[in-house]
Amino acid sequence: MCVGLGGILSGGDGIPITDDAHAYDVYDIRSKDYDSYFLAFDAMADARADSERREGEGGGRTQLQQEEASGIIYWIYEAETEGGMFTREAVADMHEAEGIMLRDKQWDEFCQLQYFNRTGARIPDDDVKCRKPMSAVTMFYPDSWDSAMAKSVIARLEDPATRKLFTDVCLCIDAFPPVEVSCNTFATYSPEDQSDMMELRNDIESITSKWSGEGELVQDPAEVALFAAYMKLVPTRAYLSDFYFDKEFSVENPVSMYSRTVLFFGGPHEGYKNVDDKEADQEKEVKDYVMDNLYDDIQKVSKRSHSKETNTFYFMTLLIFEVFLQIILMDTMAAIGSVILVFLYVWYMIGSLFLALVGMAEILLSIPCAWFLFRGIFQIEYFSGLNMLTIFIVCAIGADDIFVFMDAYNQSKHKGPEVNQDLQTRMTWVWRKSGKAMAITSATTCMAFLCTCFSPIAGTRSFGIFAALVILWDYVLVMSLFCTAVVIYHNHFEREPMCTIPILKCGCCTKDCGCMKEEVSPTGQIMQSFHDGDEIPMSPVTKFFYTKFADFILSVKGRVIVLVLFLAWIIPAIIWVTKLEPTKTAEQFLSEDHPLQYGWNIIEREFPSSTEDRGLPVFFSWGIAELDQSGVNQLIDANNVGKPRFKKFEMNPTCQEKIMKVCEDLEIPTPERLEILKRSGEGKVEVRCVMREFHKRAQQMPDVVTGTGDYPTVATADVTKVVKDLYDNPPERMDGVELVADMLVKFGFDGEEVKFVTVEVESNEMNQWSSLPEDDVRPIYGQFMDLATHLDGIVGDACGESGVLMTDEFQKFIFMNNQKIYRTSAVQGACIGVALAFAVLALATWSPILSVLSTLSILCTIMSVIGTVTMLGWSLGTVEAILISILAGFSVDYVVHLAHAYATSFGTTEERIREAFREMGTPVLSGMLTSVLASLPLFTCEIVFFAKFGTFLCFTILWSWIFANFGFMSLLATVGPAKLKEGQEGQRNEEQKGQEMGAVSAAPPESVQN
C-alpha cells in the first residue's frame, strides 16, 4: 500500500497524461520538417516577447471590436423527403434553426462584425453589421427575387459557347483584383461579346447582391436552386453556392439532400484589447450567453422529432470541449463497470467477500505500483493516454491470477497428508505450484507487451512498458498480498460456523459463541478426512473438465470433430486476414450513430471541397535548417524533440524579388496547381504572401530606400526597420486576410533580424479536421514535395543557403507516416510477440513439442481475431493497428497455463491431459469469463477506440480459450509425450510384462487350438 501511494506521489503531479503533440517518429523526415519549422517559429515568438519586455512594450496589437472570428456554430441538415433540402418546408426549417441566433436581441454583441467588403475596402462604421452566415438561406430569403432575370441568366449559361466565353474572362471582369491572363483573353473578344459578357456579369451581380437572408421566402425554391447550380460553373461565383449543396448537386440534378450553415462569433469583446486579452474571460462570456439565451432552442430544433422534413445536427467550437468531456466521463463509467463486474464474478467464484475485496485491491494497486517504477525508478516521463487501457487489461489478467492461486489452494486438499501436514506445508505447495504457473504466463505477457518497444512512436513504447510493469506488479501482489489474505481467510473466515445462529451460517471469525465445540482448522479438517478415509469431492466444474471434457478430447471421434471444425474455420479466417486493407476513409473518433459524429460524417462524405472550406495550411520556408536532435529521448523528456537551427539567411533585394516570384508562380492556375492548391472565392489560387505587405509598408515609409525594378525591393539595411514597423503598427488586413497576426509570423523575426520567410498555401483535398488514409495522402505529399523543389529552384541561393522546408500546420503528413508505422508495427509486433512467447515456453517447459503446439495455438488465435474483425467490416486504421500489435500479449495466457500444467504432471498422455484439465480447466474458464465481463461495458462506449478495444479484447479472449482448450489439448492428446516419475517407469514395465505373461498363460495350448 505504501509503495502504491508513493507511486501516485512520485511524479509530484499525480499521473498526468502526456499531451500527444509529438506522438510520432521524431526521426522521420516529415516529423523533422514539422518540428524544425515550429521550433523555429516558437523561438522567434519567445525572442520577440523578450525584446518587447526589454523595450517596455507588449500585450499585442489592439483589434477592432469583434473583428476576428473567435468561434463558430455549424449546422448540418439532412433531408427526410425525396424533394431534398430546398422545398419550402425544408428551407423554413433551416431558417428557424439559424434564426435562433440571428433574431436574438444580444446577437450583435457576440457575432463577428464585418468591417471590410469583398475588395478589402473599409466599411463605414455606421454600416458595420454582423457577418452574414454562410448559408443557403440567404439566397432563398432575398431582399427581392427577379424571376425573369434569373431565367435569362440560366438560359445564357445553358449555351456552352456563352458559358465558355464567360468563364474564360470572369477572372478579369468579375474578380478583384483582375487576373492579367484573363484580361488578355477579354481583350481579344469582339466589342459585342465584351458587351454581352459585361451584361451577363451585371445581371448575376444584380441577383446575388440581394441574397441577404432578410426578405421573404421565394415562391419557387427550385428555380433558385437551379440558378445556384449554374453559379457553381462560374469560377468567380462558385463560392456563393458550392459550400451549401451536396456533391450530387448539379445543373442536371438541382436537388441537394444535405445542406450546411456556419455562423460566426466574434472577438475581442467590448472592454478587451484583442482576442488574446483575458481569453478565458471572453470565452466564458460567450458560453454564458449561449447557455442562457440559445442552448434550449438549439437542443429543441436538433431533435429528430422536431421536423418531418429535415434532421438537424450542430456542433459549436465553444462547447466542443464540454461535449467531449461529457463523453469521456460517460465512457469512464465503463471502466468502473468493468471493475464492478469483475469484482462480483470473483466474489461469486471464490465464495468469499473478504478475498474478493483484497483481490480487487491488489489488482487496482498494481497500477500505482507500476507508476512508481515507471516514473519514480525508471524516470519515464511520457505517459500516453493509451496507458489508461491497462485498467481493463489488469482486471482480466489479475482475476485470472487470483483464480489460478485459489484453484491451487483448493487442489491442495487432494494432495494427501504430505502436503496438508499443517498450514505452512500446504501454503508452501500452493505458493510454488501457482507461482510458477503465473510466473510463466506473466513473463510471456510482459514480453509480448514489451514488443512495442520496437515502435518508433514514444506513446506506443510507453504503453508497452507500463502494461508490462502493471502485469509484473499484479504478479508480485498476488504472490504476496493476496497470498497473505488467503492465510487470514484460512485462519478466520473459511471454517464452518460454530453456532447455528442464522446470521453466522457463512464462514466467520467466531472464537466463542458459547458452544461446546473445539475449533479445528480447515487444514486440520483435511488431515482428519484423510485419516478417516473420507474422499474430498472435486468441484462440479473441475469434475466436468476432468471427466466429460477430457473424455471428449481424448476420444478419436472428439479430436476428429475438433479438427474438422477448426479447419472449416481457420482456412476462411486466414483468407479474410489477407483481405484486411488499410482504411480508405477518414478515421472516426466517436461511434457512427453519435449525433456529433453523424453530422461530421455528412460533412466529410456528402459535400465536395468548397472554396469556403478552410484547406490544410501548407508552408514553404526559406532560412530554417534541420533541427538539432542530439540528446533527444521522448520517454525521459516527453516534450524534447530537438532544438531549432537556422541557415545563413539574408533578406536582400534579390531574395525579396525571388520570394515575390514564388508568390506569383503559385498563383498561376495551372491544372497541376489547381489539383492540389485551394482556390479563393474568386477562383484564384489562395496564396498568403507576407512579402506583398512588406513592400507596401516600405513604400509608405519616406526614410526607406526602395528599388525601381519589377518589385519595389528594400535595401538590406532597411529590412529590419520595415518589419519592425509592421509588427508595431500592423494593418487591419494583410494580403486579403483579417488575421494579421497569422500573416506577420511568416516573417521569422526575433525583434532584431529576419531569420526566415514563409509562404503559405492551402491544400485543396485536405483539411485540419479529418485525417485521410495513407494511400490518399502519399500522392498529395509527393505533389507538394515536387512543388517545393520547383519553388526552391526559383529562389536558389538568393537568400543565402539554398533549400526550402515544406510542412503542414496540423501534422497530416506526419500522420500519413504514422499510419505506415502502425501498419508495419502491427505485423512486426504480432510476429515478435509470438516468437517471444515461443522462447519463454521453451525455457519454461523444456519441451519442443509443447512450445511448438502452444505457439501454433497463439498463431491460430491471432489469425482468428483478425479474420473475425475483417468479416465485421473493419479496415486497418490506427486503432486496429495498435490493437493487432499487442494481440500476442492477450493470446498467451490460457494456452501457457495448460501447457505448464501438462509439463509439470506425470503419467501417460491420457493421465497428463486429465491432470492438466483438473488443475487448469476451472481457473482458465473463470479467467475467460472474467475477461469477457471486463470487456462488455466497453461495447457501450461512444469513443471508437474504447469500443473497438472492448470488441477486440472479447474476441481475443474467446478465441484464445477455444484454441487452448480444444485445439491445443487435442493436439497434445494426439502427439503429447508421456512423462513418468523415477521408479514409475520400471514399475510400469513390470506391470506390462505381468499383463503379457497373464495373457500367454491364459491362452489355450497350440494342440488344443488346432
# chains A, B, ... in the order shown; residues from 1 in each chain; ligands from 1
>>> residues_around(residues="range 111-117 of chain A", least_positions_apart="4", cutoff="12 Å", atoms="only C-alpha atoms", output="MDAnalysis selection string")
chainID A and resid 63:73 101:107 121:133 176 262:269 275 286 289:290 732:734 736:738
>>> residues_around(residues="range 844-853 of chain A", least_positions_apart="2", cutoff="7 Å", atoms="only C-alpha atoms", output="JSON, numbers by chain")
{"A": [440, 838, 840, 841, 842, 855, 856, 857, 899, 900, 903, 968]}
>>> write_last_selection(atoms="N, CA, C and O atoms", output="PDB file, in the first residue's frame")
ATOM      1  N   ILE A 440       5.202 -17.942 -15.514  1.00  0.00           N
ATOM      2  CA  ILE A 440       5.375 -18.199 -16.949  1.00  0.00           C
ATOM      3  C   ILE A 440       4.414 -17.340 -17.765  1.00  0.00           C
ATOM      4  O   ILE A 440       4.809 -16.684 -18.736  1.00  0.00           O
ATOM      5  N   PHE A 838       7.155 -18.186 -27.785  1.00  0.00           N
ATOM      6  CA  PHE A 838       7.790 -19.484 -28.043  1.00  0.00           C
ATOM      7  C   PHE A 838       9.048 -19.641 -27.194  1.00  0.00           C
ATOM      8  O   PHE A 838       9.286 -20.699 -26.597  1.00  0.00           O
ATOM      9  N   VAL A 840       9.851 -18.147 -24.306  1.00  0.00           N
ATOM     10  CA  VAL A 840       9.529 -18.309 -22.884  1.00  0.00           C
ATOM     11  C   VAL A 840       8.989 -19.711 -22.612  1.00  0.00           C
ATOM     12  O   VAL A 840       9.361 -20.354 -21.619  1.00  0.00           O
ATOM     13  N   LEU A 841       8.136 -20.199 -23.494  1.00  0.00           N
ATOM     14  CA  LEU A 841       7.591 -21.547 -23.321  1.00  0.00           C
ATOM     15  C   LEU A 841       8.675 -22.611 -23.407  1.00  0.00           C
ATOM     16  O   LEU A 841       8.668 -23.593 -22.653  1.00  0.00           O
ATOM     17  N   ALA A 842       9.602 -22.417 -24.346  1.00  0.00           N
ATOM     18  CA  ALA A 842      10.688 -23.384 -24.492  1.00  0.00           C
ATOM     19  C   ALA A 842      11.545 -23.436 -23.227  1.00  0.00           C
ATOM     20  O   ALA A 842      11.936 -24.515 -22.762  1.00  0.00           O
ATOM     21  N   THR A 855       2.650 -22.316 -29.547  1.00  0.00           N
ATOM     22  CA  THR A 855       2.830 -21.218 -30.497  1.00  0.00           C
ATOM     23  C   THR A 855       1.830 -21.317 -31.637  1.00  0.00           C
ATOM     24  O   THR A 855       1.289 -20.307 -32.099  1.00  0.00           O
ATOM     25  N   LEU A 856       1.560 -22.552 -32.078  1.00  0.00           N
ATOM     26  CA  LEU A 856       0.559 -22.747 -33.129  1.00  0.00           C
ATOM     27  C   LEU A 856      -0.814 -22.283 -32.652  1.00  0.00           C
ATOM     28  O   LEU A 856      -1.562 -21.652 -33.410  1.00  0.00           O
ATOM     29  N   SER A 857      -1.138 -22.556 -31.385  1.00  0.00           N
ATOM     30  CA  SER A 857      -2.415 -22.101 -30.826  1.00  0.00           C
ATOM     31  C   SER A 857      -2.487 -20.581 -30.800  1.00  0.00           C
ATOM     32  O   SER A 857      -3.522 -19.989 -31.139  1.00  0.00           O
ATOM     33  N   ALA A 899      -0.317 -25.623 -20.984  1.00  0.00           N
ATOM     34  CA  ALA A 899       0.969 -26.225 -21.342  1.00  0.00           C
ATOM     35  C   ALA A 899       1.818 -26.465 -20.102  1.00  0.00           C
ATOM     36  O   ALA A 899       2.463 -27.518 -19.958  1.00  0.00           O
ATOM     37  N   HIS A 900       1.819 -25.497 -19.191  1.00  0.00           N
ATOM     38  CA  HIS A 900       2.608 -25.670 -17.967  1.00  0.00           C
ATOM     39  C   HIS A 900       2.029 -26.772 -17.090  1.00  0.00           C
ATOM     40  O   HIS A 900       2.779 -27.563 -16.486  1.00  0.00           O
ATOM     41  N   ALA A 903       3.102 -29.940 -18.603  1.00  0.00           N
ATOM     42  CA  ALA A 903       4.547 -30.157 -18.461  1.00  0.00           C
ATOM     43  C   ALA A 903       4.923 -30.600 -17.055  1.00  0.00           C
ATOM     44  O   ALA A 903       5.891 -31.355 -16.875  1.00  0.00           O
ATOM     45  N   PHE A 968      -5.336 -26.949 -28.902  1.00  0.00           N
ATOM     46  CA  PHE A 968      -4.057 -27.301 -28.290  1.00  0.00           C
ATOM     47  C   PHE A 968      -4.138 -28.639 -27.557  1.00  0.00           C
ATOM     48  O   PHE A 968      -3.268 -29.511 -27.724  1.00  0.00           O
TER      49      PHE A 968
END
>>> select_by_dssp(residues="range 255-457 of chain A", states="strand (DSSP E or B)", output="PyMOL selection string")
chain A and resi 258-267+310-316
>>> select_by_dssp(residues="range 49-221 of chain A", states="alpha helix (DSSP H)", output="VMD selection string")
chain A and resid 49 to 54 88 to 102 137 to 140 147 to 158 160 to 173 180 to 187 191 to 208 221
>>> closest_residue(among="A:Phe243, A:Val339, A:Asp750, A:Met871", to="Ile574 in chain A", atoms="only C-alpha atoms")
A:Met871
>>> atom_distance(atom1="CA of Ser152 in chain A", atom2="CA of Lys247 in chain A")
25.7 Å
>>> residues_around(residues="Glu801 in chain A", least_positions_apart="6", cutoff="7 Å", atoms="only C-alpha atoms", output="list of chain:residue names")
A:Lys647, A:Lys648, A:Phe649
>>> write_last_selection(atoms="N, CA, C and O atoms", output="mmCIF file, in the first residue's frame")
data_model
loop_
_atom_site.group_PDB
_atom_site.id
_atom_site.type_symbol
_atom_site.label_atom_id
_atom_site.label_comp_id
_atom_site.auth_asym_id
_atom_site.auth_seq_id
_atom_site.Cartn_x
_atom_site.Cartn_y
_atom_site.Cartn_z
ATOM 1 N N LYS A 647 19.586 28.612 -41.045
ATOM 2 C CA LYS A 647 20.607 28.755 -42.079
ATOM 3 C C LYS A 647 21.099 30.197 -42.117
ATOM 4 O O LYS A 647 20.533 31.082 -41.468
ATOM 5 N N LYS A 648 22.131 30.418 -42.862
ATOM 6 C CA LYS A 648 22.602 31.779 -43.092
ATOM 7 C C LYS A 648 21.616 32.439 -44.055
ATOM 8 O O LYS A 648 21.545 32.107 -45.223
ATOM 9 N N PHE A 649 20.815 33.354 -43.522
ATOM 10 C CA PHE A 649 19.712 33.935 -44.286
ATOM 11 C C PHE A 649 19.845 35.457 -44.321
ATOM 12 O O PHE A 649 20.077 36.095 -43.295
#
>>> atom_distance(atom1="CA of Thr138 in chain A", atom2="CA of Tyr230 in chain A")
16.9 Å
>>> residues_around(residues="Asp331 in chain A", least_positions_apart="6", cutoff="8 Å", atoms="only C-alpha atoms", output="PyMOL selection string")
chain A and resi 938+940-943
>>> closest_residue(among="A:Ser209, A:Asp775, A:His490, A:Asp28", to="Ser352 in chain A", atoms="only C-alpha atoms")
A:His490
>>> closest_residue(among="A:Leu450, A:Ala361, A:Leu674, A:Ala881", to="Ile471 in chain A", atoms="only C-alpha atoms")
A:Leu450
>>> residues_around(residues="Pro595 in chain A", least_positions_apart="5", cutoff="12 Å", atoms="only C-alpha atoms", output="PDB file with C-alpha atoms, in the first residue's frame")
ATOM      1  CA  TRP A  75     -25.456  23.480 -38.624  1.00  0.00           C
ATOM      2  CA  ILE A  76     -25.821  20.332 -40.767  1.00  0.00           C
ATOM      3  CA  TYR A  77     -29.151  19.494 -42.388  1.00  0.00           C
ATOM      4  CA  GLN A 299     -31.419  21.485 -28.473  1.00  0.00           C
ATOM      5  CA  SER A 302     -31.804  19.405 -33.245  1.00  0.00           C
ATOM      6  CA  LYS A 303     -34.142  16.657 -32.036  1.00  0.00           C
ATOM      7  CA  ARG A 304     -35.120  14.210 -34.777  1.00  0.00           C
ATOM      8  CA  ASN A 311     -32.873  16.191 -39.463  1.00  0.00           C
ATOM      9  CA  THR A 312     -30.740  18.920 -37.932  1.00  0.00           C
ATOM     10  CA  PHE A 313     -27.328  18.474 -36.315  1.00  0.00           C
ATOM     11  CA  TYR A 314     -24.924  21.001 -34.897  1.00  0.00           C
ATOM     12  CA  PHE A 315     -21.611  21.483 -33.186  1.00  0.00           C
ATOM     13  CA  VAL A 323     -19.243  17.792 -25.121  1.00  0.00           C
ATOM     14  CA  ILE A 327     -18.472  11.719 -23.496  1.00  0.00           C
ATOM     15  CA  LEU A 590     -16.910   8.720 -31.976  1.00  0.00           C
ATOM     16  CA  TRP A 600     -19.444  15.347 -39.217  1.00  0.00           C
ATOM     17  CA  ASN A 601     -19.645  12.256 -41.428  1.00  0.00           C
ATOM     18  CA  ILE A 602     -22.208  14.095 -43.557  1.00  0.00           C
ATOM     19  CA  GLU A 942     -19.051   6.327 -27.689  1.00  0.00           C
TER      20      GLU A 942
END
>>> atom_distance(atom1="CA of Asn410 in chain A", atom2="CA of Val394 in chain A")
23.5 Å
>>> residues_around(residues="Gly873 in chain A", least_positions_apart="6", cutoff="12 Å", atoms="only C-alpha atoms", output="PyMOL selection string")
chain A and resi 576-577+579-583+866-867+880
>>> write_last_selection(atoms="C-alpha atoms", output="PDB file, in the first residue's frame")
ATOM      1  CA  TRP A 576     -10.173 -12.999 -44.542  1.00  0.00           C
ATOM      2  CA  VAL A 577      -6.891 -11.931 -42.938  1.00  0.00           C
ATOM      3  CA  LYS A 579      -8.435  -9.195 -47.224  1.00  0.00           C
ATOM      4  CA  LEU A 580      -7.625  -6.759 -44.426  1.00  0.00           C
ATOM      5  CA  GLU A 581      -6.780  -3.481 -46.163  1.00  0.00           C
ATOM      6  CA  PRO A 582      -5.660  -0.053 -44.978  1.00  0.00           C
ATOM      7  CA  THR A 583      -8.578   2.240 -44.250  1.00  0.00           C
ATOM      8  CA  ILE A 866      -8.009 -10.557 -37.318  1.00  0.00           C
ATOM      9  CA  GLY A 867     -10.214 -12.641 -39.605  1.00  0.00           C
ATOM     10  CA  GLU A 880      -6.787  -1.583 -35.414  1.00  0.00           C
TER      11      GLU A 880
END
>>> residues_around(residues="Pro773 in chain A", least_positions_apart="2", cutoff="12 Å", atoms="only C-alpha atoms", output="VMD selection string")
chain A and resid 581 to 588 766 770 to 771 775 to 780 812 to 820 823 875 to 878
